[in-house]
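Participant: Questions regarding the structure given below will be posed in turn.
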Amino acid sequence: SERSLVLVKPDGVSRGLVGEVISRVERKGLTLAALELRNVERSVAEQHYAEHAGKPFYESLLEFITGGPLVAMVVEGENAIAAFRQLAGATNPVQAATGSIRGDYAVEVQYNIVHGSDSPESAKREIDLWFPGV
Ligand code: ATP
């Protein structure tokens, strides 16, 4: 089986969508290996989004992600990475299919409710960052 780092970002938490995201993960057949409500330090956000350093939206993205509590989890199961990305839908919510989390609940690319690792390499890096030792 495989593991993915999933975040319910601060917009998802403030809008009361934590249970909805967890429900969809569980109904899909994935399981939770770790879960915590977090206030994210800037240094963790910078490491998480290192690949976006220097992009026009980077500063705004860091402010958003550190601006309120988020829920971090490790999701586990066969094909967990691709399975969660399918649940999440396309990065831009107006391109995400209806029925996906972003397609159903979001309208703006920055405020797209969830994050999910995009490869086994990023999943390992992200799980080591968010849940060292898990
Ligand atoms: P995530 O990594 O959060 O799962 P993703 O892999 O689908 O999203 P990336 O391209 O890695 O998308 O972008 C990371 C995050 O940065 C997006 O989820 C979104 O919140 C934000 N983002 C991406 N592009 C933009 C943009 N043009 N303007 C504002 N925010 C953006």
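Following the order of the structure tokens, chains are lettered A, B, ..., residues in each are numbered from 1, and ligands are numbered from 1.
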Taking only C-alpha atoms and all ligand atoms into account, list the residues no farther than 9 Å from ligand 1, as an MDAnalysis selection string.
Facilitator: chainID A and resid 6:7 9 48:49 51:52 55:58 60:61 64:65 85 88:92 108:118
Participant: Write out the residues from the selection above, keeping C-alpha atoms, as an mmCIF file, in the first residue's frame.
Facilitator:
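Result saved to part16.cif:
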data_model
loop_
_atom_site.group_PDB
_atom_site.id
_atom_site.type_symbol
_atom_site.label_atom_id
_atom_site.label_comp_id
_atom_site.auth_asym_id
_atom_site.auth_seq_id
_atom_site.Cartn_x
_atom_site.Cartn_y
_atom_site.Cartn_z
ATOM 1 C CA VAL A 6 -3.297 15.327 2.820
ATOM 2 C CA LEU A 7 -4.088 18.796 4.147
ATOM 3 C CA LYS A 9 -6.226 23.921 4.252
ATOM 4 C CA HIS A 48 6.171 22.346 2.040
ATOM 5 C CA TYR A 49 5.865 24.815 -0.847
ATOM 6 C CA GLU A 51 8.912 24.260 -5.372
ATOM 7 C CA HIS A 52 6.827 27.456 -5.641
ATOM 8 C CA LYS A 55 6.377 32.498 -8.072
ATOM 9 C CA PRO A 56 3.987 35.469 -8.026
ATOM 10 C CA PHE A 57 1.519 33.723 -5.701
ATOM 11 C CA TYR A 58 4.139 32.329 -3.279
ATOM 12 C CA SER A 60 0.161 35.050 -0.648
ATOM 13 C CA LEU A 61 0.085 31.232 -0.502
ATOM 14 C CA PHE A 64 -2.952 31.833 3.526
ATOM 15 C CA ILE A 65 -1.549 28.514 4.734
ATOM 16 C CA ARG A 85 -5.886 13.416 -6.168
ATOM 17 C CA ALA A 88 -9.553 16.420 -4.781
ATOM 18 C CA GLY A 89 -10.008 17.245 -8.476
ATOM 19 C CA ALA A 90 -7.977 19.663 -10.587
ATOM 20 C CA THR A 91 -5.901 22.355 -8.828
ATOM 21 C CA ASN A 92 -8.085 25.118 -10.276
ATOM 22 C CA GLU A 108 -10.614 30.168 -6.606
ATOM 23 C CA VAL A 109 -7.246 28.476 -7.208
ATOM 24 C CA GLN A 110 -5.627 29.653 -3.977
ATOM 25 C CA TYR A 111 -8.601 28.664 -1.838
ATOM 26 C CA ASN A 112 -8.914 25.113 -3.102
ATOM 27 C CA ILE A 113 -9.658 23.384 0.231
ATOM 28 C CA VAL A 114 -7.199 20.487 0.123
ATOM 29 C CA HIS A 115 -3.676 19.410 -0.686
ATOM 30 C CA GLY A 116 -2.584 15.897 -1.600
ATOM 31 C CA SER A 117 0.929 14.653 -2.398
ATOM 32 C CA ASP A 118 1.569 14.349 -6.145
#
Participant: DSSP on the backbone, helix (DSSP H, G or I) only: what residues of chain A does that give? Format it as a ChimeraX atom specification.
Facilitator: /A:10-14,18-28,42-48,50-52,58-66,80-88,101-105,120-130
Participant: Nearest to Gly68 of chain A: which of A:Ser23, A:Gly29, A:Glu41, A:Trp130 is it, counting only C-alpha atoms?
Facilitator: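 Between A:Ser23, A:Gly29, A:Glu41, A:Trp130, the residue approaching Gly68 of chain A most closely is A:Glu41.
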Participant: Just want the 8 Å neighbourhood of segment 13-15 of chain A, counted on only C-alpha atoms, with same-chain residues fewer than 4 positions away dropped. Output as a list in words.
Facilitator: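 Near neighbours after the sequence-gap exclusion: Val8, Lys9, Pro69, Leu70 and Val71 of chain A.
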Participant: Would you kindly return, as a list of chain:residue names, each protein, DNA or RNA residue with an atom no farther than 9 Å from any atom of Ser119 of chain A, considering only C-alpha atoms and excluding same-chain residues fewer than 4 positions away?
Facilitator: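 So the residues in contact are A:Ser4, A:Ile81, A:Ala82, A:Ala123, A:Lys124.
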Participant: Would you please give, as JSON, numbers by chain, all residues of segment 69-107 of chain A that DSSP assigns to strand (DSSP E or B) based on the backbone?
Facilitator: {"A": [70, 71, 72, 73, 74, 75, 76, 77, 98, 100]}
Participant: Here is a test: counting only C-alpha atoms, which residue of A:Ile22, A:Ala80, A:Leu129, A:Ala97 is nearest to Leu35 of chain A?
Facilitator: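 Smallest separation from Leu35 of chain A among the options: A:Ile22.
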Participant: Which one of A:Val25, A:Glu2, A:Glu36, A:Asp11 sits closest to Met73 of chain A if you count only C-alpha atoms?
Facilitator: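 Selected residue with least distance to Met73 of chain A: A:Glu36.
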Participant: In Å, with one decimal, what is the gap from atom CA of Val75 of chain A to atom CA of Ser1 of chain A?
Facilitator: 10.5 Å
Participant: One decimal, in Å: what's the spacing between atom CA of Tyr105 of chain A and atom CA of Gly54 of chain A?
Facilitator: 28.3 Å
Participant: Would you pick out the contacts of Pro132 of chain A at 12 Å or less, using only C-alpha atoms, so that residues sharing its chain but fewer than 3 positions from it are not included, and give the list as a PDB file with N, CA and C atoms, in the first residue's frame?
Facilitator:
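As a result, selection-v3.pdb now contains:
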ATOM      1  N   LEU A   5       0.306  12.556   1.943  1.00  0.00           N
ATOM      2  CA  LEU A   5       0.088  13.629   2.913  1.00  0.00           C
ATOM      3  C   LEU A   5      -1.069  14.474   2.397  1.00  0.00           C
ATOM      4  N   ALA A  34      -2.534   9.078  10.408  1.00  0.00           N
ATOM      5  CA  ALA A  34      -2.204  10.174  11.331  1.00  0.00           C
ATOM      6  C   ALA A  34      -3.142  11.320  11.013  1.00  0.00           C
ATOM      7  N   VAL A  74      -2.125  11.779   7.329  1.00  0.00           N
ATOM      8  CA  VAL A  74      -1.498  10.788   6.461  1.00  0.00           C
ATOM      9  C   VAL A  74      -2.583   9.789   6.106  1.00  0.00           C
ATOM     10  N   LYS A 124       6.827  11.114   0.505  1.00  0.00           N
ATOM     11  CA  LYS A 124       7.838  10.819   1.522  1.00  0.00           C
ATOM     12  C   LYS A 124       8.394  12.109   2.127  1.00  0.00           C
ATOM     13  N   ARG A 125       8.716  13.044   1.255  1.00  0.00           N
ATOM     14  CA  ARG A 125       9.261  14.322   1.727  1.00  0.00           C
ATOM     15  C   ARG A 125       8.244  15.035   2.635  1.00  0.00           C
ATOM     16  N   GLU A 126       6.995  15.061   2.218  1.00  0.00           N
ATOM     17  CA  GLU A 126       5.967  15.779   2.977  1.00  0.00           C
ATOM     18  C   GLU A 126       5.616  15.084   4.289  1.00  0.00           C
ATOM     19  N   ILE A 127       5.558  13.750   4.280  1.00  0.00           N
ATOM     20  CA  ILE A 127       5.252  13.032   5.533  1.00  0.00           C
ATOM     21  C   ILE A 127       6.411  13.211   6.524  1.00  0.00           C
ATOM     22  N   ASP A 128       7.653  13.184   6.024  1.00  0.00           N
ATOM     23  CA  ASP A 128       8.802  13.439   6.908  1.00  0.00           C
ATOM     24  C   ASP A 128       8.744  14.851   7.487  1.00  0.00           C
ATOM     25  N   LEU A 129       8.231  15.795   6.703  1.00  0.00           N
ATOM     26  CA  LEU A 129       8.130  17.185   7.168  1.00  0.00           C
ATOM     27  C   LEU A 129       7.003  17.360   8.191  1.00  0.00           C
TER      28      LEU A 129
END
Participant: By how many Å are atom CA of Arg3 of chain A and atom CA of Glu46 of chain A apart?
Facilitator: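 So the answer is 21.9 Å.
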